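Peer 1: Below is final_2.txt; it holds compact mmCIF, C-alpha atoms and all ligand atoms.
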```txt
# COMPACT_ATOMS: atom_id res chain seq x y z
CA MET A 206 -20.90 14.05 3.50
CA HIS A 207 -17.41 15.43 3.01
CA PHE A 208 -14.31 13.83 4.56
CA ASP A 209 -10.65 14.78 4.77
CA VAL A 210 -9.65 11.29 3.68
CA ILE A 211 -11.55 8.29 2.37
CA ILE A 212 -9.83 4.93 2.79
CA ILE A 213 -10.98 2.07 0.58
CA GLY A 214 -10.28 -1.23 2.35
CA GLY A 215 -10.51 -1.69 6.12
CA SER A 216 -8.07 -4.51 6.78
CA PHE A 217 -4.42 -4.46 7.87
CA ALA A 218 -3.25 -1.68 5.52
CA GLY A 219 -6.42 0.42 5.63
CA ILE A 220 -6.78 0.48 9.44
CA SER A 221 -3.10 1.22 9.82
CA ALA A 222 -3.46 4.16 7.39
CA ALA A 223 -6.50 5.38 9.30
CA LEU A 224 -4.83 5.51 12.73
CA PRO A 225 -2.44 8.46 12.26
CA LEU A 226 -5.24 10.42 10.57
CA ALA A 227 -7.66 9.67 13.41
CA ARG A 228 -5.03 10.72 15.93
CA ALA A 229 -4.64 14.01 14.05
CA ARG A 230 -8.41 14.45 14.50
CA ARG A 231 -9.07 14.36 10.80
CA LYS A 232 -12.49 13.38 9.59
CA ILE A 233 -12.08 10.08 7.81
CA LEU A 234 -14.22 7.37 6.28
CA VAL A 235 -13.15 3.74 5.95
CA ILE A 236 -15.16 1.76 3.38
CA ASP A 237 -14.68 -1.99 3.65
CA ALA A 238 -16.17 -4.94 1.75
CA GLY A 239 -15.01 -7.41 4.45
CA GLU A 240 -13.09 -9.88 2.25
CA ARG A 241 -9.56 -10.01 3.60
CA ARG A 242 -7.08 -11.93 1.44
CA ASN A 243 -6.15 -14.33 4.24
CA ARG A 244 -9.76 -15.09 5.27
CA PHE A 245 -9.17 -18.73 4.17
CA ALA A 246 -6.50 -19.31 6.83
CA ALA A 247 -7.30 -20.05 10.47
CA VAL A 248 -4.10 -18.48 11.77
CA SER A 249 -1.68 -15.78 10.72
CA HIS A 250 2.08 -16.03 11.26
CA GLY A 251 5.03 -13.70 11.23
CA PHE A 252 3.47 -10.47 12.48
CA LEU A 253 5.22 -9.12 15.53
CA GLY A 254 3.34 -9.77 18.75
CA GLN A 255 0.48 -11.58 16.95
CA ASP A 256 2.21 -14.75 15.69
CA GLY A 257 -0.21 -17.68 15.52
CA ARG A 258 -3.31 -15.51 16.05
CA GLU A 259 -6.54 -15.76 14.09
CA PRO A 260 -6.29 -13.04 11.40
CA GLY A 261 -9.90 -11.94 11.86
CA LEU A 262 -9.20 -11.26 15.54
CA ILE A 263 -6.19 -9.08 14.72
CA VAL A 264 -8.34 -6.98 12.38
CA SER A 265 -11.40 -6.77 14.64
CA LYS A 266 -9.29 -5.64 17.60
CA ALA A 267 -7.57 -3.03 15.41
CA ARG A 268 -10.97 -1.78 14.16
CA GLN A 269 -12.29 -1.56 17.70
CA GLN A 270 -9.31 0.57 18.73
CA LEU A 271 -9.67 2.79 15.63
CA GLU A 272 -13.37 3.41 16.20
CA ARG A 273 -12.69 4.90 19.63
CA TYR A 274 -11.60 8.06 17.80
CA PRO A 275 -14.62 10.28 17.27
CA THR A 276 -13.68 11.54 13.81
CA VAL A 277 -13.68 8.02 12.34
CA HIS A 278 -16.62 6.80 10.25
CA TRP A 279 -16.89 3.21 9.02
CA LEU A 280 -19.02 1.87 6.18
CA ASN A 281 -19.41 -1.85 5.42
CA ALA A 282 -19.79 -1.61 1.65
CA LYS A 283 -18.03 -2.06 -1.67
CA ALA A 284 -16.81 1.12 -3.37
CA GLN A 285 -17.73 0.60 -7.02
CA ALA A 286 -16.02 3.58 -8.60
CA ALA A 287 -14.51 6.96 -7.84
CA GLU A 288 -14.18 10.19 -9.77
CA ARG A 289 -12.20 13.34 -9.32
CA THR A 290 -14.27 16.41 -8.36
CA SER A 291 -13.42 20.05 -7.64
CA ASN A 292 -13.19 19.14 -3.90
CA GLY A 293 -11.24 15.88 -4.21
CA PHE A 294 -12.93 12.60 -4.99
CA ALA A 295 -16.48 11.25 -5.04
CA ILE A 296 -16.98 7.57 -4.29
CA GLU A 297 -19.77 5.57 -5.86
CA ILE A 298 -21.62 3.00 -3.78
CA ASP A 299 -24.76 1.19 -4.99
CA GLY A 300 -24.62 3.06 -8.31
CA LYS A 301 -24.66 6.55 -6.68
CA PRO A 302 -21.84 9.02 -5.86
CA MET A 303 -22.35 8.80 -2.10
CA THR A 304 -19.59 10.63 -0.41
CA GLU A 305 -16.62 12.93 -1.02
CA GLY A 306 -13.10 13.18 0.34
CA ARG A 307 -10.15 15.51 -0.25
CA ARG A 308 -7.72 12.59 -0.35
CA LEU A 309 -8.09 8.92 -1.22
CA ILE A 310 -6.14 5.96 0.18
CA LEU A 311 -6.46 2.70 -1.75
CA ALA A 312 -5.94 -0.22 0.64
CA ALA A 313 -8.19 -2.76 -1.10
CA GLY A 314 -5.69 -5.65 -1.39
CA VAL A 315 -5.55 -8.17 -4.21
CA ALA A 316 -7.54 -11.22 -5.35
CA ASP A 317 -5.77 -14.58 -5.90
CA ARG A 318 -6.36 -16.71 -9.00
CA LEU A 319 -5.29 -20.29 -8.28
CA PRO A 320 -4.18 -22.88 -10.86
CA ALA A 321 -7.28 -24.74 -12.14
CA ILE A 322 -6.65 -28.10 -10.45
CA PRO A 323 -9.64 -29.83 -8.82
CA GLY A 324 -9.32 -29.90 -5.05
CA LEU A 325 -6.94 -26.94 -4.80
CA GLN A 326 -9.37 -24.07 -4.12
CA GLU A 327 -11.09 -25.73 -1.16
CA ARG A 328 -7.73 -26.44 0.52
CA TRP A 329 -6.42 -22.88 0.00
CA GLY A 330 -5.14 -21.49 3.28
CA LYS A 331 -5.65 -24.86 5.03
CA SER A 332 -3.15 -27.26 3.43
CA VAL A 333 -2.32 -25.30 0.24
CA PHE A 334 -0.40 -22.04 0.63
CA HIS A 335 1.73 -19.58 -1.32
CA CYS A 336 4.02 -18.14 1.35
CA PRO A 337 6.48 -20.44 3.14
CA TYR A 338 7.36 -17.76 5.69
CA CYS A 339 3.67 -17.66 6.70
CA HIS A 340 2.79 -21.38 6.76
CA GLY A 341 5.93 -23.46 6.08
CA TYR A 342 7.07 -23.96 9.68
CA GLU A 343 3.88 -25.75 10.73
CA LEU A 344 4.53 -28.53 8.17
CA ASP A 345 7.19 -29.68 10.58
CA GLN A 346 9.89 -30.46 7.98
CA GLY A 347 7.42 -32.89 6.35
CA ARG A 348 6.71 -33.73 2.68
CA ILE A 349 6.08 -30.58 0.71
CA GLY A 350 4.78 -30.34 -2.86
CA VAL A 351 5.32 -27.25 -4.99
CA ILE A 352 2.84 -27.09 -7.88
CA ALA A 353 4.15 -25.09 -10.84
CA SER A 354 1.90 -22.28 -11.98
CA GLY A 355 4.35 -20.11 -13.94
CA GLU A 356 7.93 -19.06 -14.54
CA HIS A 357 8.46 -17.93 -10.98
CA SER A 358 7.61 -21.40 -9.60
CA MET A 359 11.21 -22.53 -10.14
CA HIS A 360 12.31 -20.00 -7.51
CA HIS A 361 9.49 -21.17 -5.24
CA ALA A 362 10.64 -24.83 -5.54
CA LEU A 363 14.23 -23.85 -4.76
CA MET A 364 13.12 -22.09 -1.56
CA LEU A 365 10.94 -24.78 -0.04
CA PRO A 366 13.61 -27.32 1.03
CA ASP A 367 14.32 -25.07 4.01
CA TRP A 368 10.85 -26.07 5.26
CA GLY A 369 10.75 -29.79 4.33
CA GLU A 370 11.44 -32.57 1.84
CA THR A 371 10.37 -30.94 -1.43
CA THR A 372 8.85 -32.36 -4.63
CA PHE A 373 8.39 -29.98 -7.59
CA PHE A 374 5.30 -30.88 -9.67
CA THR A 375 6.22 -29.18 -12.96
CA ASN A 376 2.74 -29.89 -14.34
CA GLY A 377 3.69 -29.21 -17.98
CA ILE A 378 4.25 -25.56 -17.09
CA VAL A 379 7.92 -25.48 -16.19
CA VAL A 380 10.55 -27.50 -18.10
CA PRO A 381 13.79 -27.05 -16.17
CA ASN A 382 16.84 -26.51 -18.41
CA ALA A 383 20.18 -28.19 -17.56
CA ASP A 384 21.24 -25.34 -15.22
CA GLN A 385 17.92 -25.31 -13.44
CA ALA A 386 17.92 -29.12 -13.09
CA ALA A 387 21.36 -28.84 -11.46
CA GLN A 388 20.07 -26.13 -9.08
CA LEU A 389 17.13 -28.35 -8.11
CA ARG A 390 19.46 -31.31 -7.48
CA ALA A 391 21.77 -29.12 -5.37
CA ARG A 392 18.74 -28.26 -3.17
CA ALA A 393 17.64 -31.94 -3.08
CA VAL A 394 14.32 -31.10 -4.79
CA LYS A 395 12.64 -34.12 -6.43
CA VAL A 396 11.04 -33.37 -9.80
CA GLU A 397 7.70 -34.94 -10.75
CA THR A 398 6.75 -34.33 -14.40
CA THR A 399 3.46 -36.30 -14.47
CA PRO A 400 0.64 -33.70 -14.48
CA VAL A 401 -1.33 -33.32 -11.26
CA ARG A 402 -4.90 -34.49 -11.92
CA GLU A 403 -6.48 -33.73 -8.59
CA ILE A 404 -5.70 -32.86 -4.99
CA ALA A 405 -7.53 -35.37 -2.83
CA GLY A 406 -7.64 -35.68 0.95
CA ASP A 407 -5.89 -33.43 3.39
CA ARG A 408 -2.69 -35.42 3.51
CA ALA A 409 -3.12 -36.92 0.09
CA ASP A 410 -1.75 -40.01 -1.40
CA ASP A 411 -1.91 -41.34 -7.00
CA GLY A 412 -3.60 -43.14 -9.99
CA ARG A 413 -0.13 -42.96 -8.85
CA ILE A 414 -0.95 -41.22 -5.59
CA VAL A 415 1.77 -39.06 -4.07
CA ALA A 416 1.35 -38.30 -0.38
CA MET A 417 2.19 -34.79 0.82
CA ASP A 418 1.90 -32.99 4.15
CA GLY A 419 1.33 -29.61 2.49
CA LEU A 420 1.35 -27.89 -0.89
CA PHE A 421 2.60 -24.56 -2.14
CA THR A 422 1.64 -22.81 -5.35
CA LEU A 423 1.93 -19.26 -6.63
CA THR A 424 -1.26 -17.46 -7.61
CA ARG A 425 -1.86 -14.66 -10.14
CA THR A 426 -2.93 -11.61 -8.24
CA SER A 427 -5.09 -8.72 -9.42
CA VAL A 428 -5.79 -5.36 -7.85
CA GLN A 429 -9.30 -5.31 -6.34
CA ILE A 430 -10.11 -1.83 -7.65
CA PRO A 431 -9.84 -1.93 -11.44
CA TRP A 432 -10.90 1.73 -11.61
CA ALA A 433 -7.61 2.88 -10.01
CA GLU A 434 -6.15 3.29 -13.51
CA GLN A 435 -9.03 5.55 -14.63
CA LEU A 436 -8.12 7.88 -11.78
CA GLY A 437 -4.56 8.18 -13.13
CA CYS A 438 -2.79 5.53 -11.00
CA VAL A 439 -0.10 3.76 -12.97
CA LEU A 440 -0.07 -0.02 -12.47
CA GLU A 441 3.18 -1.94 -12.45
CA GLU A 442 3.65 -5.53 -13.66
CA GLY A 443 5.17 -7.74 -10.94
CA PRO A 444 6.18 -11.39 -11.21
CA LEU A 445 2.82 -12.49 -9.76
CA GLY A 446 0.50 -9.81 -11.16
CA GLN A 447 -0.19 -6.09 -11.35
CA PHE A 448 -0.01 -3.69 -8.44
CA ILE A 449 -0.35 0.08 -8.03
CA TRP A 450 2.94 1.97 -8.37
CA THR A 451 3.77 4.22 -5.41
CA ASP A 452 6.76 6.29 -4.33
CA ALA A 453 8.60 5.87 -1.02
CA VAL A 454 5.72 7.44 0.99
CA LYS A 455 2.98 5.51 -0.87
CA GLN A 456 1.85 8.41 -3.09
CA THR A 457 0.56 7.09 -6.43
CA THR A 458 1.05 8.80 -9.79
CA ALA A 459 -2.39 10.44 -9.33
CA LYS A 460 -2.38 13.63 -7.22
CA GLY A 461 -4.16 13.18 -3.89
CA ILE A 462 -4.28 9.38 -4.11
CA PHE A 463 -2.16 7.11 -1.92
CA ALA A 464 -2.07 3.29 -2.00
CA CYS A 465 -0.81 0.73 0.51
CA GLY A 466 -0.71 -2.95 1.42
CA ASP A 467 -0.88 -5.80 -1.09
CA ALA A 468 -2.54 -3.49 -3.65
CA ALA A 469 0.65 -1.46 -3.85
CA ARG A 470 3.54 -3.94 -3.71
CA ALA A 471 4.77 -6.94 -5.70
CA ALA A 472 4.27 -9.37 -2.82
CA GLY A 473 2.84 -8.63 0.59
CA SER A 474 2.38 -9.71 4.16
CA VAL A 475 0.49 -8.45 7.17
CA ALA A 476 3.57 -6.75 8.61
CA LEU A 477 4.34 -5.00 5.30
CA ALA A 478 0.70 -3.94 4.87
CA VAL A 479 0.68 -2.40 8.34
CA GLY A 480 3.98 -0.57 7.68
CA ASP A 481 2.79 0.68 4.28
CA GLY A 482 -0.50 1.79 5.79
CA ALA A 483 1.29 3.91 8.40
CA LEU A 484 3.32 5.54 5.62
CA ALA A 485 0.25 6.23 3.47
CA GLY A 486 -1.77 7.62 6.38
CA THR A 487 0.93 10.06 7.48
CA ALA A 488 1.72 11.06 3.89
CA ALA A 489 -1.96 11.77 3.21
CA HIS A 490 -2.11 13.87 6.39
CA GLN A 491 1.03 15.83 5.43
CA SER A 492 -0.48 16.52 2.04
CA LEU A 493 -3.63 17.91 3.68
CA MET A 494 -1.46 20.30 5.74
CA PHE A 495 1.13 21.28 3.17
CA GLY A 496 -0.16 20.19 -0.22
CA SER A 497 -1.84 22.46 -2.69
CA ASP A 498 -5.22 21.22 -3.59
C1 LIG B 501 -4.20 -18.11 2.31
C2 LIG B 501 -3.36 -16.94 2.76
C3 LIG B 501 -2.70 -16.99 3.98
C4 LIG B 501 -1.91 -15.91 4.37
N1 LIG B 501 -1.23 -16.00 5.55
C5 LIG B 501 -0.46 -14.97 5.95
C6 LIG B 501 0.26 -15.04 7.18
O1 LIG B 501 0.20 -16.04 7.90
N2 LIG B 501 1.04 -13.99 7.52
C7 LIG B 501 1.15 -12.86 6.75
O2 LIG B 501 1.86 -11.93 7.10
N3 LIG B 501 0.45 -12.76 5.57
C8 LIG B 501 -0.34 -13.78 5.18
N4 LIG B 501 -1.03 -13.68 4.00
C9 LIG B 501 -0.96 -12.42 3.23
C10 LIG B 501 -1.94 -11.38 3.86
O3 LIG B 501 -3.25 -11.91 3.81
C11 LIG B 501 -1.90 -10.07 3.08
O4 LIG B 501 -0.55 -9.62 2.89
C12 LIG B 501 -2.69 -8.99 3.84
O5 LIG B 501 -4.03 -9.42 4.03
C13 LIG B 501 -2.66 -7.66 3.09
O6 LIG B 501 -3.42 -6.72 3.79
P1 LIG B 501 -4.21 -5.58 3.00
O7 LIG B 501 -4.85 -4.76 4.05
O8 LIG B 501 -3.32 -4.94 2.00
O9 LIG B 501 -5.31 -6.35 2.14
P2 LIG B 501 -6.52 -7.34 2.64
O10 LIG B 501 -6.22 -7.90 3.98
O11 LIG B 501 -6.74 -8.28 1.51
O12 LIG B 501 -7.73 -6.34 2.80
C14 LIG B 501 -8.29 -5.62 1.73
C15 LIG B 501 -9.67 -5.17 2.18
O13 LIG B 501 -10.21 -4.27 1.20
C16 LIG B 501 -11.55 -4.66 0.93
N5 LIG B 501 -11.93 -4.20 -0.41
C17 LIG B 501 -11.52 -4.65 -1.63
N6 LIG B 501 -12.11 -3.97 -2.62
C18 LIG B 501 -12.93 -3.07 -2.02
C19 LIG B 501 -13.81 -2.08 -2.51
N7 LIG B 501 -13.98 -1.87 -3.83
N8 LIG B 501 -14.53 -1.34 -1.61
C20 LIG B 501 -14.37 -1.53 -0.28
N9 LIG B 501 -13.53 -2.47 0.25
C21 LIG B 501 -12.82 -3.21 -0.60
C22 LIG B 501 -11.53 -6.17 1.04
O14 LIG B 501 -12.85 -6.68 1.17
C23 LIG B 501 -10.65 -6.35 2.28
O15 LIG B 501 -11.40 -6.26 3.46
C24 LIG B 501 -1.81 -14.74 3.55
C25 LIG B 501 -2.51 -14.69 2.33
C26 LIG B 501 -3.26 -15.78 1.93
C27 LIG B 501 -3.98 -15.73 0.59
```
Translate this structure into structure tokens?
Peer 2:
Amino acid sequence: MHFDVIIIGGSFAGISAALPLARARRKILVIDAGERRNRFAAVSHGFLGQDGREPGLIVSKARQQLERYPTVHWLNAKAQAAERTSNGFAIEIDGKPMTEGRRLILAAGVADRLPAIPGLQERWGKSVFHCPYCHGYELDQGRIGVIASGEHSMHHALMLPDWGETTFFTNGIVVPNADQAAQLRARAVKVETTPVREIAGDRADDGRIVAMDGLFTLTRTSVQIPWAEQLGCVLEEGPLGQFIWTDAVKQTTAKGIFACGDAARAAGSVALAVGDGALAGTAAHQSLMFGSD
């Protein structure tokens, strides 16, 4: 089958990119592997009109609305590779080039790699978070731990006092210099240098046990489609990991390929993914009308 646009990733960014194309009656295919980044969290915060809603419900409602447009096709699958052809791009699924599209939108998000501390992974999205704007308010100004995972954790620890009484677990990863120690004192951040052995319980207490109401840590992120580079997309190094470089309308460095959402910015959110998706979808449509292929 041949489509005007193939969108890889059918979550916040991908569905948002699909909508303007569907409304322009373009024949599109959304391919989605169904593993949203925030699937570990019961609620999503900070997205206009949907604050406190279950993230899966936001996406399923959006998909339902998208699929009312007759030119939309949806495939629950993982796109394993893509190659440039004379007509655009061919996408490989299950080891075979299955389907072709004139344009490609990469909306496949990122994967999070957490610090290797026992007990952290299973609490991810429940009592361990990365984004204070998303999950800080609910900790009710309680005891917050920031677990260092890299250089950028200092900035993280300096932010968190706006959401509660903050302890910075430097964990042998960050050694604050005199200036940084002064900055931490000025923000009333306590510094705990003893390495964290384990996260235990939901509101944990140590061999010394230190009780916390919630934890924050920064993850390393990686783009979910490693083959983007082979197609000519330049990746940029951000403070938390690589992402696909795009211009102001979400065009990548590879002709005919757009990227949006977490995959194409240094740090993301639902609202930003939706905004980026709208940009990518309209830019892909404009390129079908006015671009030279
Ligand atoms: C624990 C946690 C809690 C969060 N809470 C909030 C919050 O409260 N508020 C907020 O604004 N943000 C929150 N975020 C951030 C938010 O999840 C992301 O910014 C948002 O999901 C980005 O949307 P996206 O569409 O770019 O990517 P995603 O939502 O990650 O979707 C990418 C989609 O692409 C699919 N995909 C990947 N590879 C392929 C492939 N090869 N083929 C086909 N499909 C593929 C995936 O399976 C997935 O369905 C949270 C993140 C985490 C980790």
Peer 1: Hey, which residues sit close to ligand LIG 501 (chain B)? Say within 6 Å, counting only C-alpha atoms and all ligand atoms, and write them as a PyMOL selection string.
Peer 2: chain A and resi 213-219+236-243+245-246+249-252+282-285+312-315+329-330+334+339+429-430+466-468+473-476+478
Peer 1: Residues within 10 Å of Val380 in chain A, please, as a PDB file with C-alpha atoms, in the frame of the given file. Count all atoms listed in the file; anything in the same chain fewer than 4 positions from it doesn't count.
Peer 2:
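Contents of result34.pdb, as written:
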```pdb
ATOM      1  CA  ALA A 353       4.150 -25.090 -10.840  1.00  0.00           C
ATOM      2  CA  GLU A 356       7.930 -19.060 -14.540  1.00  0.00           C
ATOM      3  CA  MET A 359      11.210 -22.530 -10.140  1.00  0.00           C
ATOM      4  CA  THR A 375       6.220 -29.180 -12.960  1.00  0.00           C
ATOM      5  CA  ASN A 376       2.740 -29.890 -14.340  1.00  0.00           C
ATOM      6  CA  GLN A 385      17.920 -25.310 -13.440  1.00  0.00           C
ATOM      7  CA  ALA A 386      17.920 -29.120 -13.090  1.00  0.00           C
ATOM      8  CA  THR A 398       6.750 -34.330 -14.400  1.00  0.00           C
TER       9      THR A 398
END
```
Peer 1: Provide the CA of Gln435 in chain A to CA of Glu305 in chain A distance in Å, to one decimal place.
Peer 2: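 Here the two named atoms are 17.2 Å from each other.
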Peer 1: Which of these residues is nearest to Ile352 in chain A, using only C-alpha atoms: A:Thr424, A:Thr290, A:Gln447, A:Ser221?
Peer 2: A:Thr424
Peer 1: Determine the nearest neighbour of Gln270 in chain A from the options A:Ala472, A:Leu477, A:Leu224, A:Val394, counting only C-alpha atoms.
Peer 2: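 Among A:Ala472, A:Leu477, A:Leu224, A:Val394, it is A:Leu224 that comes nearest to Gln270 in chain A.
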Peer 1: If you count all atoms listed in the file, which residues fall within 6 Å of range 437-441 of chain A, apart from same-chain ones fewer than 5 positions away, as a PDB file with C-alpha atoms, in the coordinates of the input?
Peer 2:
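Okay, this is what ended up in result24.pdb:
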```
ATOM      1  CA  GLN A 447      -0.190  -6.090 -11.350  1.00  0.00           C
ATOM      2  CA  PHE A 448      -0.010  -3.690  -8.440  1.00  0.00           C
ATOM      3  CA  ILE A 449      -0.350   0.080  -8.030  1.00  0.00           C
ATOM      4  CA  TRP A 450       2.940   1.970  -8.370  1.00  0.00           C
ATOM      5  CA  THR A 457       0.560   7.090  -6.430  1.00  0.00           C
ATOM      6  CA  THR A 458       1.050   8.800  -9.790  1.00  0.00           C
ATOM      7  CA  ALA A 459      -2.390  10.440  -9.330  1.00  0.00           C
TER       8      ALA A 459
END
```
Peer 1: What lies within 10 Å of Arg289 in chain A using all atoms listed in the file, ignoring chain neighbours under 4 positions off, as number ranges by chain?
Peer 2: A: 293-296, 305-307, 435-437, 461
Peer 1: For Arg268 in chain A, which residue out of A:Ala362, A:Ala222, A:Val248, A:Ala391 is the nearest one, using all atoms listed in the file?
Peer 2: A:Ala222
Peer 1: Have a look at A:Lys460, A:Leu280, A:Gly443, A:Arg348 and name the one nearest to Ser492 in chain A; count all atoms listed in the file.
Peer 2: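 The closest residue to Ser492 in chain A is A:Lys460.
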Peer 1: What separation in Å, quoted to one decimal, exists between CA of Trp368 in chain A and CA of Gln346 in chain A?
Peer 2: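 The value is 5.3 Å.
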Peer 1: Here is a test: counting all atoms listed in the file, which residue of A:Leu253, A:Leu311, A:Ile212, A:Lys232 is nearest to Tyr274 in chain A?
Peer 2: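 Result for the nearest residue to Tyr274 in chain A: A:Lys232.
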